[in-house]
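K.L.:
File structure.csv below, CSV, C-alpha atoms (C1' of nucleotides):
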chain,number,residue,atom,x,y,z
A,1,MET,CA,1.0,10.0,17.5
A,2,ASP,CA,1.6,7.6,20.4
A,3,GLU,CA,2.7,4.0,20.5
A,4,ILE,CA,-0.8,2.8,19.8
A,5,ASP,CA,-1.0,4.9,16.6
A,6,HIS,CA,2.3,3.3,15.6
A,7,LYS,CA,1.0,-0.2,16.2
A,8,LEU,CA,-2.1,0.6,14.1
A,9,LEU,CA,0.1,1.9,11.2
A,10,ARG,CA,2.3,-1.2,11.4
A,11,ALA,CA,-0.8,-3.5,11.3
A,12,LEU,CA,-2.2,-1.6,8.3
A,13,GLN,CA,1.2,-1.7,6.6
A,14,ARG,CA,1.3,-5.4,6.9
A,15,ASN,CA,-2.3,-5.8,5.7
A,16,SER,CA,-4.4,-2.7,4.9
A,17,ARG,CA,-7.6,-4.8,4.7
A,18,CYS,CA,-7.1,-5.8,8.3
A,19,PRO,CA,-10.5,-5.5,10.1
A,20,ILE,CA,-10.8,-2.8,12.8
A,21,LYS,CA,-11.9,-5.4,15.3
A,22,SER,CA,-8.8,-7.5,15.0
A,23,MET,CA,-6.6,-4.3,15.4
A,24,SER,CA,-8.7,-3.2,18.4
A,25,GLN,CA,-7.8,-6.4,20.3
A,26,GLU,CA,-4.2,-6.1,19.3
A,27,VAL,CA,-4.0,-2.7,21.0
A,28,SER,CA,-6.5,-3.5,23.8
A,29,LEU,CA,-8.9,-0.8,22.8
A,30,SER,CA,-12.5,-0.7,21.6
A,31,SER,CA,-13.4,-0.7,17.9
A,32,PRO,CA,-14.8,2.8,18.0
A,33,ALA,CA,-11.7,4.1,19.6
A,34,VAL,CA,-9.5,2.5,16.9
A,35,SER,CA,-11.9,3.7,14.2
A,36,ALA,CA,-11.5,7.3,15.5
A,37,ARG,CA,-7.8,7.1,15.6
A,38,ILE,CA,-7.6,5.9,12.0
A,39,GLU,CA,-9.9,8.6,10.8
A,40,ARG,CA,-7.7,11.1,12.6
A,41,LEU,CA,-4.5,9.7,10.9
A,42,GLU,CA,-6.3,10.0,7.6
A,43,ARG,CA,-7.4,13.6,8.2
A,44,GLN,CA,-3.9,14.6,9.3
A,45,GLY,CA,-2.5,13.1,6.1
A,46,ILE,CA,-0.3,10.7,7.9
A,47,ILE,CA,-2.3,7.9,6.1
A,48,ARG,CA,-2.3,9.0,2.5
A,49,GLY,CA,-4.1,5.9,1.1
A,50,TYR,CA,-4.5,2.2,1.1
A,51,THR,CA,-2.8,0.5,-1.8
A,52,LEU,CA,-2.1,-2.8,-3.4
A,53,ASP,CA,1.1,-4.8,-3.9
A,54,VAL,CA,0.9,-6.7,-7.2
A,55,ASP,CA,3.5,-9.0,-8.9
A,56,PRO,CA,4.7,-7.1,-12.0
A,57,LEU,CA,6.0,-10.3,-13.6
A,58,GLN,CA,2.6,-12.0,-13.5
A,59,LEU,CA,1.1,-9.0,-15.2
A,60,GLY,CA,3.6,-9.2,-18.1
A,61,HIS,CA,5.9,-6.4,-16.8
A,62,HIS,CA,9.3,-8.2,-17.1
A,63,ILE,CA,11.6,-5.2,-17.2
A,64,LEU,CA,12.1,-2.9,-14.2
A,65,ALA,CA,14.6,-0.1,-14.7
A,66,TYR,CA,16.0,3.2,-13.3
A,67,ILE,CA,16.8,5.9,-15.7
A,68,ASN,CA,19.0,8.9,-14.9
A,69,LEU,CA,18.3,12.0,-16.9
A,70,ASP,CA,20.5,15.0,-17.2
A,71,MET,CA,18.3,18.0,-18.1
A,72,THR,CA,18.7,21.8,-18.2
A,73,PRO,CA,16.4,23.5,-15.7
A,74,ASN,CA,14.4,25.3,-18.4
A,75,GLU,CA,13.3,21.9,-19.9
A,76,LYS,CA,11.5,21.1,-16.7
A,77,PRO,CA,8.1,22.8,-17.5
A,78,LYS,CA,7.8,20.7,-20.6
A,79,PHE,CA,9.2,17.6,-18.9
A,80,ILE,CA,6.9,17.3,-15.9
A,81,PRO,CA,3.6,17.0,-17.7
A,82,PHE,CA,5.1,14.5,-20.1
A,83,ILE,CA,6.6,12.2,-17.5
A,84,ALA,CA,3.4,12.3,-15.3
A,85,SER,CA,1.4,11.2,-18.3
A,86,VAL,CA,3.4,8.0,-19.0
A,87,PRO,CA,1.6,5.2,-17.1
A,88,ASN,CA,4.7,3.0,-16.9
A,89,VAL,CA,6.5,5.6,-14.8
A,90,ILE,CA,6.4,4.4,-11.2
A,91,GLU,CA,8.5,7.2,-9.7
A,92,CYS,CA,10.2,10.3,-10.8
A,93,ASN,CA,12.5,12.2,-8.5
A,94,CYS,CA,14.6,15.3,-8.7
A,95,VAL,CA,18.0,14.3,-7.2
A,96,THR,CA,21.4,15.7,-6.3
A,97,GLY,CA,24.5,14.6,-8.3
A,98,ALA,CA,25.5,14.4,-11.9
A,99,TYR,CA,22.0,13.7,-13.1
A,100,SER,CA,19.0,15.8,-12.3
A,101,MET,CA,16.2,13.2,-12.5
A,102,LEU,CA,15.9,9.6,-11.4
A,103,ILE,CA,13.0,7.8,-13.0
A,104,LYS,CA,11.7,4.3,-12.2
A,105,VAL,CA,9.8,2.5,-14.9
A,106,SER,CA,8.3,-0.9,-15.6
A,107,TYR,CA,7.8,-2.3,-19.1
A,108,PRO,CA,6.8,-5.6,-20.7
A,109,SER,CA,10.1,-5.9,-22.5
A,110,THR,CA,13.3,-4.1,-23.3
A,111,GLN,CA,11.8,-3.1,-26.6
A,112,GLU,CA,9.2,-0.8,-25.1
A,113,LEU,CA,11.8,0.5,-22.6
A,114,ASP,CA,14.1,1.4,-25.4
A,115,SER,CA,11.3,3.3,-27.2
A,116,PHE,CA,10.6,5.3,-24.0
A,117,ILE,CA,14.3,6.1,-23.5
A,118,GLY,CA,14.2,7.4,-27.1
A,119,GLN,CA,11.5,9.9,-26.2
A,120,LEU,CA,13.4,10.9,-23.0
A,121,GLN,CA,16.5,11.8,-24.9
A,122,GLN,CA,14.9,14.9,-26.4
A,123,PHE,CA,15.1,16.3,-22.8
A,124,GLY,CA,18.8,15.4,-22.2
A,125,LYS,CA,21.3,12.7,-21.7
A,126,THR,CA,20.2,9.4,-20.1
A,127,GLU,CA,21.9,6.5,-18.3
A,128,THR,CA,19.8,3.4,-17.7
A,129,GLN,CA,20.1,0.8,-14.9
A,130,ILE,CA,18.1,-2.3,-15.5
A,131,VAL,CA,17.1,-4.3,-12.4
A,132,PHE,CA,18.2,-8.0,-12.3
A,133,SER,CA,16.9,-8.9,-8.9
A,134,SER,CA,15.6,-7.3,-5.7
A,135,PRO,CA,17.3,-8.8,-2.5
A,136,VAL,CA,15.0,-6.4,-0.6
A,137,PRO,CA,11.7,-6.1,-2.4
A,138,PRO,CA,10.0,-2.7,-2.2
A,139,ARG,CA,8.6,-2.2,1.3
A,140,GLY,CA,7.1,0.6,3.4
A,141,ILE,CA,9.1,2.9,5.6
A,142,ALA,CA,10.1,1.9,9.1
A,143,LEU,CA,7.5,2.7,11.6
B,1,MET,CA,-7.0,-12.6,-16.0
B,2,ASP,CA,-9.8,-10.9,-18.0
B,3,GLU,CA,-10.9,-7.3,-18.1
B,4,ILE,CA,-13.0,-7.8,-14.9
B,5,ASP,CA,-9.9,-8.9,-13.0
B,6,HIS,CA,-8.1,-5.8,-14.3
B,7,LYS,CA,-10.9,-3.5,-13.0
B,8,LEU,CA,-10.8,-5.2,-9.6
B,9,LEU,CA,-7.0,-4.7,-9.4
B,10,ARG,CA,-7.4,-1.1,-10.4
B,11,ALA,CA,-10.1,-0.5,-7.8
B,12,LEU,CA,-7.9,-2.1,-5.1
B,13,GLN,CA,-4.9,-0.1,-6.2
B,14,ARG,CA,-6.8,3.1,-5.7
B,15,ASN,CA,-8.2,2.0,-2.4
B,16,SER,CA,-7.4,-1.4,-1.0
B,17,ARG,CA,-10.0,-1.1,1.8
B,18,CYS,CA,-12.7,-0.7,-0.8
B,19,PRO,CA,-15.7,-2.9,0.1
B,20,ILE,CA,-16.3,-6.0,-2.0
B,21,LYS,CA,-19.9,-4.9,-2.5
B,22,SER,CA,-19.0,-1.5,-4.1
B,23,MET,CA,-16.6,-3.4,-6.4
B,24,SER,CA,-19.2,-5.9,-7.3
B,25,GLN,CA,-21.6,-3.2,-8.6
B,26,GLU,CA,-18.7,-1.5,-10.5
B,27,VAL,CA,-18.2,-4.7,-12.5
B,28,SER,CA,-21.8,-5.8,-12.5
B,29,LEU,CA,-21.2,-9.1,-10.7
B,30,SER,CA,-22.4,-10.5,-7.4
B,31,SER,CA,-20.4,-10.1,-4.2
B,32,PRO,CA,-19.5,-13.8,-3.9
B,33,ALA,CA,-18.2,-13.8,-7.5
B,34,VAL,CA,-16.0,-10.8,-6.8
B,35,SER,CA,-14.8,-12.4,-3.6
B,36,ALA,CA,-13.9,-15.6,-5.4
B,37,ARG,CA,-12.0,-13.7,-8.0
B,38,ILE,CA,-10.0,-11.8,-5.5
B,39,GLU,CA,-9.2,-15.0,-3.5
B,40,ARG,CA,-7.9,-16.5,-6.8
B,41,LEU,CA,-5.7,-13.5,-7.5
B,42,GLU,CA,-4.3,-13.8,-4.0
B,43,ARG,CA,-3.6,-17.6,-4.5
B,44,GLN,CA,-2.0,-17.0,-7.8
B,45,GLY,CA,0.3,-14.5,-6.2
B,46,ILE,CA,-0.8,-11.7,-8.6
B,47,ILE,CA,-2.0,-9.9,-5.5
B,48,ARG,CA,1.0,-10.0,-3.1
B,49,GLY,CA,-0.6,-7.9,-0.3
B,50,TYR,CA,-2.5,-4.9,0.8
B,51,THR,CA,-0.4,-2.1,2.0
B,52,LEU,CA,-0.4,1.4,3.3
B,53,ASP,CA,0.7,4.7,1.8
B,54,VAL,CA,2.0,6.9,4.6
B,55,ASP,CA,3.6,10.4,4.5
B,56,PRO,CA,7.3,9.9,5.4
B,57,LEU,CA,7.7,13.6,6.3
B,58,GLN,CA,4.9,13.5,9.0
B,59,LEU,CA,6.7,10.5,10.5
B,60,GLY,CA,9.9,12.4,10.8
B,61,HIS,CA,11.6,10.9,7.8
B,62,HIS,CA,12.8,14.0,6.0
B,63,ILE,CA,15.6,12.5,3.9
B,64,LEU,CA,14.9,10.1,1.0
B,65,ALA,CA,18.0,9.0,-0.9
B,66,TYR,CA,19.3,6.5,-3.5
B,67,ILE,CA,22.7,5.0,-2.9
B,68,ASN,CA,24.7,3.3,-5.7
B,69,LEU,CA,27.1,0.7,-4.4
B,70,ASP,CA,29.9,-0.9,-6.3
B,71,MET,CA,30.7,-4.2,-4.8
B,72,THR,CA,32.7,-7.3,-5.8
B,73,PRO,CA,30.5,-10.4,-6.3
B,74,ASN,CA,32.1,-12.3,-3.4
B,75,GLU,CA,30.9,-9.6,-0.9
B,76,LYS,CA,27.3,-10.4,-1.7
B,77,PRO,CA,26.7,-13.2,0.8
B,78,LYS,CA,27.7,-10.9,3.6
B,79,PHE,CA,25.9,-7.9,2.2
B,80,ILE,CA,22.4,-9.4,1.6
B,81,PRO,CA,21.6,-10.3,5.2
B,82,PHE,CA,23.1,-6.9,6.4
B,83,ILE,CA,21.0,-4.8,4.0
B,84,ALA,CA,17.8,-6.7,4.7
B,85,SER,CA,18.2,-6.1,8.4
B,86,VAL,CA,18.3,-2.3,8.1
B,87,PRO,CA,14.7,-1.1,8.5
B,88,ASN,CA,15.4,2.2,6.7
B,89,VAL,CA,16.1,0.3,3.5
B,90,ILE,CA,13.0,0.7,1.3
B,91,GLU,CA,14.4,-1.2,-1.7
B,92,CYS,CA,17.6,-2.9,-2.8
B,93,ASN,CA,18.2,-3.9,-6.4
B,94,CYS,CA,20.9,-5.5,-8.3
B,95,VAL,CA,21.4,-3.4,-11.4
B,96,THR,CA,23.3,-3.2,-14.7
B,97,GLY,CA,25.9,-0.5,-15.2
B,98,ALA,CA,28.9,0.9,-13.3
B,99,TYR,CA,27.4,0.2,-9.9
B,100,SER,CA,26.1,-3.3,-8.8
B,101,MET,CA,23.5,-2.2,-6.3
B,102,LEU,CA,20.9,0.5,-6.1
B,103,ILE,CA,19.5,1.1,-2.6
B,104,LYS,CA,16.7,3.3,-1.6
B,105,VAL,CA,16.6,4.5,2.0
B,106,SER,CA,14.7,7.0,4.2
B,107,TYR,CA,16.2,8.6,7.3
B,108,PRO,CA,15.1,11.3,9.7
B,109,SER,CA,18.1,13.5,8.8
B,110,THR,CA,21.3,13.6,6.8
B,111,GLN,CA,23.2,12.6,9.9
B,112,GLU,CA,21.7,9.2,10.1
B,113,LEU,CA,22.0,8.8,6.4
B,114,ASP,CA,25.7,9.6,6.6
B,115,SER,CA,26.2,7.0,9.3
B,116,PHE,CA,24.5,4.4,7.2
B,117,ILE,CA,26.7,5.2,4.2
B,118,GLY,CA,29.7,4.8,6.4
B,119,GLN,CA,28.6,1.3,7.2
B,120,LEU,CA,28.0,0.6,3.5
B,121,GLN,CA,31.5,1.6,2.5
B,122,GLN,CA,33.0,-1.5,4.0
B,123,PHE,CA,31.4,-3.3,1.0
B,124,GLY,CA,32.5,-0.9,-1.7
B,125,LYS,CA,32.4,2.5,-3.3
B,126,THR,CA,29.2,4.5,-3.0
B,127,GLU,CA,27.6,7.3,-4.8
B,128,THR,CA,24.6,9.0,-3.2
B,129,GLN,CA,21.6,10.8,-4.8
B,130,ILE,CA,19.4,12.7,-2.3
B,131,VAL,CA,15.8,13.3,-3.4
B,132,PHE,CA,14.7,17.0,-3.5
B,133,SER,CA,11.2,16.5,-4.8
B,134,SER,CA,9.0,13.9,-6.5
B,135,PRO,CA,7.1,15.3,-9.5
B,136,VAL,CA,5.6,11.8,-9.8
B,137,PRO,CA,5.1,10.4,-6.4
B,138,PRO,CA,5.5,6.6,-6.0
B,139,ARG,CA,2.6,4.8,-7.6
B,140,GLY,CA,1.6,1.3,-8.6
B,141,ILE,CA,2.4,-0.2,-12.0
B,142,ALA,CA,0.1,0.4,-14.9
B,143,LEU,CA,-2.8,-2.1,-15.0
C,1,DG,C1',-22.0,-17.1,-11.5
C,2,DA,C1',-26.5,-15.9,-8.9
C,3,DT,C1',-29.5,-16.1,-4.9
C,4,DG,C1',-30.8,-16.1,0.0
C,5,DA,C1',-29.7,-16.9,4.9
C,6,DA,C1',-26.6,-16.6,8.7
C,7,DA,C1',-22.4,-14.7,10.8
C,8,DC,C1',-19.7,-11.0,11.2
C,9,DA,C1',-17.8,-6.3,11.3
C,10,DG,C1',-18.5,-1.3,11.2
C,11,DC,C1',-21.2,2.7,12.7
C,12,DC,C1',-23.9,5.6,15.8
C,13,DG,C1',-26.0,6.5,19.8
C,14,DA,C1',-26.1,6.6,25.3
C,15,DG,C1',-23.9,6.2,29.7
C,16,DC,C1',-19.7,6.1,32.2
C,17,DT,C1',-15.0,7.3,34.2
D,1,DA,C1',-13.3,15.0,26.7
D,2,DG,C1',-12.5,10.4,25.7
D,3,DC,C1',-13.5,5.6,26.3
D,4,DT,C1',-16.7,1.6,26.7
D,5,DC,C1',-20.9,-0.7,26.0
D,6,DG,C1',-25.2,-1.3,23.7
D,7,DG,C1',-28.2,-1.9,19.3
D,8,DC,C1',-28.6,-1.3,14.3
D,9,DT,C1',-27.1,-1.3,9.6
D,10,DG,C1',-24.5,-3.1,6.0
D,11,DT,C1',-21.1,-6.4,4.4
D,12,DT,C1',-19.1,-10.9,3.9
D,13,DT,C1',-19.5,-15.7,3.6
D,14,DC,C1',-21.6,-20.2,3.0
D,15,DA,C1',-24.9,-23.5,1.0
D,16,DT,C1',-27.8,-24.2,-2.7
D,17,DC,C1',-29.6,-23.8,-7.4
Rewrite the structure from the file as structure tokens, please.
P.N.:
Amino acid sequence: MDEIDHKLLRALQRNSRCPIKSMSQEVSLSSPAVSARIERLERQGIIRGYTLDVDPLQLGHHILAYINLDMTPNEKPKFIPFIASVPNVIECNCVTGAYSMLIKVSYPSTQELDSFIGQLQQFGKTETQIVFSSPVPPRGIAL
Amino acid sequence: MDEIDHKLLRALQRNSRCPIKSMSQEVSLSSPAVSARIERLERQGIIRGYTLDVDPLQLGHHILAYINLDMTPNEKPKFIPFIASVPNVIECNCVTGAYSMLIKVSYPSTQELDSFIGQLQQFGKTETQIVFSSPVPPRGIAL
DNA sequence: GATGAAACAGCCGAGCT
DNA sequence: AGCTCGGCTGTTTCATC
């Protein structure tokens, strides 16, 4: 992990479809050298995957929300498979504080969101925060 | 936006470096046809970009946290440029509920996180939730 | 949207430092 | 050992139907 690897990660973070050749001239190396570095980063698990940034609104997902869930620890074995199976769940984190879980979801409308929260309440108390706007839209970690 | 577009989006969401040719045989279309569809999705803004999924831990970012911030509306003009300029901020959302902002950050250690929260407190009261684990790791929206 | 040709990028070898 | 340079294969793109 030297400065060149960092540059390659930054380039791929900006545009993961970026051709190897254009990266190679950015870092003043040959294409095979860059190719080998990227394969190494993939093997090491530093690069976990190449993904897509889509506009949820244009796909009919108008509601983005965070749901806090307070749950007793022995509910967890039932909860985890359930939450992982819901496609609208974007993230689910165990967190410190008054609530045990913080869940990020996206739904077409508040109606579907409400129905999901109804299902969640069998596991514990919930508190929902609906997103109005995102001054800093989701982005990658600092490299 | 027909079923074929959805398949292409799903393929790119799994692996955005996926070659056009392999997608074209998945949807039983020619390469130029797939290429044209993807260009259209980019122009329409449905595809916002191609990005990278990296492992924060392997890059030394051990602490992931959500910070709730309670702020009076007239602080906002000062707050937005500040928050956007902090590279460790992964997301910043205006939300409903007791707190006005929900901020996601990643830091090497709790020390740097604490220092950031110190800066935040000039804008209002904060409440921090540190992430222990992610039963559902961040993923794209359902397509 | 499909086909065929041309340009281009990515991959694998050999030779070099 | 790792990098660079070569040729070869496969992919993307453009013009045409």
K.L.:
Quick check, in Å to one decimal: how far apart do atom CA of A:Ser16 and atom CA of B:His61 lie?
P.N.:
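Separation between atom CA of A:Ser16 and atom CA of B:His61: 21.2 Å.
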K.L.:
Between atom CA of B:Leu113 and atom CA of A:Tyr50, what is the distance in Å, rounded to a tenth?
P.N.:
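These two atoms are separated by 27.8 Å.
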K.L.:
What does the structure give for the distance between atom CA of A:Met101 and atom CA of A:Leu69, in Å to one decimal?
P.N.:
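Between atom CA of A:Met101 and atom CA of A:Leu69 the gap is 5.0 Å.
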K.L.:
I'd like the superposed copy of chain B - fitted to chain A by least squares over all paired Cα atoms - as an mmCIF file with C-alpha atoms, in the coordinates of the input.
P.N.:
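New file selection15.cif:
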data_model
loop_
_atom_site.group_PDB
_atom_site.id
_atom_site.type_symbol
_atom_site.label_atom_id
_atom_site.label_comp_id
_atom_site.auth_asym_id
_atom_site.auth_seq_id
_atom_site.Cartn_x
_atom_site.Cartn_y
_atom_site.Cartn_z
ATOM 1 C CA MET B 1 1.042 10.051 17.386
ATOM 2 C CA ASP B 2 1.634 7.692 20.355
ATOM 3 C CA GLU B 3 2.745 4.096 20.443
ATOM 4 C CA ILE B 4 -0.865 2.911 19.760
ATOM 5 C CA ASP B 5 -0.944 4.910 16.531
ATOM 6 C CA HIS B 6 2.388 3.327 15.563
ATOM 7 C CA LYS B 7 0.984 -0.215 16.111
ATOM 8 C CA LEU B 8 -2.084 0.613 14.023
ATOM 9 C CA LEU B 9 0.137 1.897 11.168
ATOM 10 C CA ARG B 10 2.260 -1.195 11.401
ATOM 11 C CA ALA B 11 -0.766 -3.486 11.323
ATOM 12 C CA LEU B 12 -2.130 -1.632 8.258
ATOM 13 C CA GLN B 13 1.229 -1.751 6.551
ATOM 14 C CA ARG B 14 1.294 -5.493 6.853
ATOM 15 C CA ASN B 15 -2.269 -5.856 5.743
ATOM 16 C CA SER B 16 -4.351 -2.833 4.915
ATOM 17 C CA ARG B 17 -7.597 -4.859 4.691
ATOM 18 C CA CYS B 18 -7.134 -5.928 8.276
ATOM 19 C CA PRO B 19 -10.448 -5.596 10.164
ATOM 20 C CA ILE B 20 -10.766 -2.772 12.675
ATOM 21 C CA LYS B 21 -11.931 -5.285 15.273
ATOM 22 C CA SER B 22 -8.759 -7.482 15.071
ATOM 23 C CA MET B 23 -6.707 -4.268 15.412
ATOM 24 C CA SER B 24 -8.695 -3.129 18.340
ATOM 25 C CA GLN B 25 -7.900 -6.307 20.342
ATOM 26 C CA GLU B 26 -4.184 -6.052 19.322
ATOM 27 C CA VAL B 27 -4.001 -2.654 21.028
ATOM 28 C CA SER B 28 -6.524 -3.368 23.729
ATOM 29 C CA LEU B 29 -8.948 -0.604 22.740
ATOM 30 C CA SER B 30 -12.537 -0.616 21.554
ATOM 31 C CA SER B 31 -13.436 -0.683 17.868
ATOM 32 C CA PRO B 32 -14.843 2.868 17.799
ATOM 33 C CA ALA B 33 -11.636 4.195 19.413
ATOM 34 C CA VAL B 34 -9.504 2.480 16.797
ATOM 35 C CA SER B 35 -11.773 3.770 14.071
ATOM 36 C CA ALA B 36 -11.503 7.313 15.363
ATOM 37 C CA ARG B 37 -7.774 7.075 15.477
ATOM 38 C CA ILE B 38 -7.500 5.854 11.971
ATOM 39 C CA GLU B 39 -9.903 8.583 10.684
ATOM 40 C CA ARG B 40 -7.594 11.146 12.397
ATOM 41 C CA LEU B 41 -4.498 9.713 10.756
ATOM 42 C CA GLU B 42 -6.262 9.913 7.417
ATOM 43 C CA ARG B 43 -7.276 13.618 8.064
ATOM 44 C CA GLN B 44 -3.831 14.506 9.139
ATOM 45 C CA GLY B 45 -2.493 13.087 5.931
ATOM 46 C CA ILE B 46 -0.167 10.645 7.784
ATOM 47 C CA ILE B 47 -2.144 7.911 6.081
ATOM 48 C CA ARG B 48 -2.163 8.899 2.367
ATOM 49 C CA GLY B 49 -4.019 5.781 1.086
ATOM 50 C CA TYR B 50 -4.459 2.090 1.010
ATOM 51 C CA THR B 51 -2.819 0.401 -1.844
ATOM 52 C CA LEU B 52 -2.102 -2.884 -3.467
ATOM 53 C CA ASP B 53 1.068 -4.922 -3.856
ATOM 54 C CA VAL B 54 0.881 -6.787 -7.152
ATOM 55 C CA ASP B 55 3.459 -9.049 -8.900
ATOM 56 C CA PRO B 56 4.681 -7.089 -11.968
ATOM 57 C CA LEU B 57 5.990 -10.281 -13.630
ATOM 58 C CA GLN B 58 2.516 -12.034 -13.564
ATOM 59 C CA LEU B 59 1.109 -8.914 -15.231
ATOM 60 C CA GLY B 60 3.570 -9.136 -18.030
ATOM 61 C CA HIS B 61 5.897 -6.450 -16.802
ATOM 62 C CA HIS B 62 9.237 -8.209 -17.009
ATOM 63 C CA ILE B 63 11.560 -5.196 -17.164
ATOM 64 C CA LEU B 64 12.059 -2.861 -14.170
ATOM 65 C CA ALA B 65 14.596 -0.095 -14.753
ATOM 66 C CA TYR B 66 15.963 3.189 -13.323
ATOM 67 C CA ILE B 67 16.763 5.935 -15.771
ATOM 68 C CA ASN B 68 19.028 8.892 -14.847
ATOM 69 C CA LEU B 69 18.279 11.984 -16.869
ATOM 70 C CA ASP B 70 20.418 15.043 -17.142
ATOM 71 C CA MET B 71 18.313 17.960 -18.060
ATOM 72 C CA THR B 72 18.694 21.763 -18.103
ATOM 73 C CA PRO B 73 16.378 23.524 -15.606
ATOM 74 C CA ASN B 74 14.402 25.319 -18.336
ATOM 75 C CA GLU B 75 13.252 21.928 -19.806
ATOM 76 C CA LYS B 76 11.418 21.117 -16.610
ATOM 77 C CA PRO B 77 8.071 22.752 -17.364
ATOM 78 C CA LYS B 78 7.763 20.663 -20.474
ATOM 79 C CA PHE B 79 9.101 17.523 -18.876
ATOM 80 C CA ILE B 80 6.863 17.322 -15.744
ATOM 81 C CA PRO B 81 3.521 17.003 -17.517
ATOM 82 C CA PHE B 82 5.101 14.518 -20.082
ATOM 83 C CA ILE B 83 6.545 12.219 -17.397
ATOM 84 C CA ALA B 84 3.396 12.239 -15.295
ATOM 85 C CA SER B 85 1.348 11.159 -18.270
ATOM 86 C CA VAL B 86 3.362 7.984 -18.909
ATOM 87 C CA PRO B 87 1.623 5.204 -16.959
ATOM 88 C CA ASN B 88 4.775 3.041 -16.863
ATOM 89 C CA VAL B 89 6.495 5.651 -14.726
ATOM 90 C CA ILE B 90 6.458 4.317 -11.144
ATOM 91 C CA GLU B 91 8.432 7.210 -9.627
ATOM 92 C CA CYS B 92 10.199 10.379 -10.713
ATOM 93 C CA ASN B 93 12.553 12.247 -8.413
ATOM 94 C CA CYS B 94 14.636 15.260 -8.617
ATOM 95 C CA VAL B 95 18.018 14.303 -7.233
ATOM 96 C CA THR B 96 21.446 15.675 -6.282
ATOM 97 C CA GLY B 97 24.491 14.646 -8.275
ATOM 98 C CA ALA B 98 25.508 14.440 -11.949
ATOM 99 C CA TYR B 99 22.004 13.665 -13.142
ATOM 100 C CA SER B 100 18.906 15.864 -12.296
ATOM 101 C CA MET B 101 16.235 13.208 -12.475
ATOM 102 C CA LEU B 102 15.885 9.634 -11.381
ATOM 103 C CA ILE B 103 12.968 7.763 -12.979
ATOM 104 C CA LYS B 104 11.724 4.367 -12.202
ATOM 105 C CA VAL B 105 9.742 2.558 -14.887
ATOM 106 C CA SER B 106 8.315 -0.923 -15.626
ATOM 107 C CA TYR B 107 7.758 -2.237 -19.145
ATOM 108 C CA PRO B 108 6.733 -5.561 -20.614
ATOM 109 C CA SER B 109 10.047 -5.893 -22.501
ATOM 110 C CA THR B 110 13.262 -4.097 -23.329
ATOM 111 C CA GLN B 111 11.731 -2.981 -26.589
ATOM 112 C CA GLU B 112 9.187 -0.778 -25.000
ATOM 113 C CA LEU B 113 11.718 0.453 -22.547
ATOM 114 C CA ASP B 114 14.021 1.431 -25.394
ATOM 115 C CA SER B 115 11.244 3.363 -27.085
ATOM 116 C CA PHE B 116 10.540 5.246 -23.920
ATOM 117 C CA ILE B 117 14.207 6.177 -23.507
ATOM 118 C CA GLY B 118 14.188 7.465 -27.020
ATOM 119 C CA GLN B 119 11.408 9.818 -26.103
ATOM 120 C CA LEU B 120 13.297 10.892 -22.970
ATOM 121 C CA GLN B 121 16.407 11.848 -24.885
ATOM 122 C CA GLN B 122 14.786 14.915 -26.325
ATOM 123 C CA PHE B 123 15.126 16.335 -22.766
ATOM 124 C CA GLY B 124 18.707 15.316 -22.134
ATOM 125 C CA LYS B 125 21.319 12.657 -21.649
ATOM 126 C CA THR B 126 20.242 9.391 -20.068
ATOM 127 C CA GLU B 127 21.875 6.597 -18.288
ATOM 128 C CA THR B 128 19.876 3.419 -17.689
ATOM 129 C CA GLN B 129 20.127 0.801 -14.881
ATOM 130 C CA ILE B 130 18.049 -2.361 -15.499
ATOM 131 C CA VAL B 131 17.067 -4.321 -12.381
ATOM 132 C CA PHE B 132 18.224 -8.004 -12.314
ATOM 133 C CA SER B 133 16.929 -8.927 -8.900
ATOM 134 C CA SER B 134 15.669 -7.356 -5.669
ATOM 135 C CA PRO B 135 17.316 -8.837 -2.561
ATOM 136 C CA VAL B 136 15.070 -6.447 -0.602
ATOM 137 C CA PRO B 137 11.804 -6.156 -2.339
ATOM 138 C CA PRO B 138 10.002 -2.770 -2.113
ATOM 139 C CA ARG B 139 8.650 -2.233 1.364
ATOM 140 C CA GLY B 140 7.166 0.529 3.467
ATOM 141 C CA ILE B 141 9.264 2.880 5.592
ATOM 142 C CA ALA B 142 10.250 1.884 9.071
ATOM 143 C CA LEU B 143 7.543 2.723 11.647
#
K.L.:
Give me, as a ChimeraX atom specification, the residues of chain A touching chain C, with the criterion being at most 10 Å (counting only C-alpha atoms (C1' of nucleotides)).
P.N.:
/A:19-22,31-32,35
K.L.:
Taking C-alpha atoms for each residue, export the selection above as a PDB file, keeping the file's coordinate frame.
P.N.:
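That gives us out39.pdb:
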ATOM      1  CA  PRO A  19     -10.500  -5.500  10.100  1.00  0.00           C
ATOM      2  CA  ILE A  20     -10.800  -2.800  12.800  1.00  0.00           C
ATOM      3  CA  LYS A  21     -11.900  -5.400  15.300  1.00  0.00           C
ATOM      4  CA  SER A  22      -8.800  -7.500  15.000  1.00  0.00           C
ATOM      5  CA  SER A  31     -13.400  -0.700  17.900  1.00  0.00           C
ATOM      6  CA  PRO A  32     -14.800   2.800  18.000  1.00  0.00           C
ATOM      7  CA  SER A  35     -11.900   3.700  14.200  1.00  0.00           C
TER       8      SER A  35
END
K.L.:
Using 12 Å as the limit and counting only C-alpha atoms (C1' of nucleotides), can you tabulate each residue of chain A that touches chain D, with its shortest atom-to-atom distance in Å and the two atoms involved, as a tab-separated table?
P.N.:
residue	atom	partner	partner_atom	distance
A:Pro19	CA	D:DT12	C1'	11.9
A:Ser28	CA	D:DC3	C1'	11.7
A:Leu29	CA	D:DC3	C1'	8.6
A:Ser30	CA	D:DT4	C1'	7.0
A:Ser31	CA	D:DT4	C1'	9.7
A:Pro32	CA	D:DC3	C1'	8.9
A:Ala33	CA	D:DC3	C1'	7.1
A:Val34	CA	D:DC3	C1'	10.7
A:Ala36	CA	D:DG2	C1'	10.7
A:Arg37	CA	D:DG2	C1'	11.6
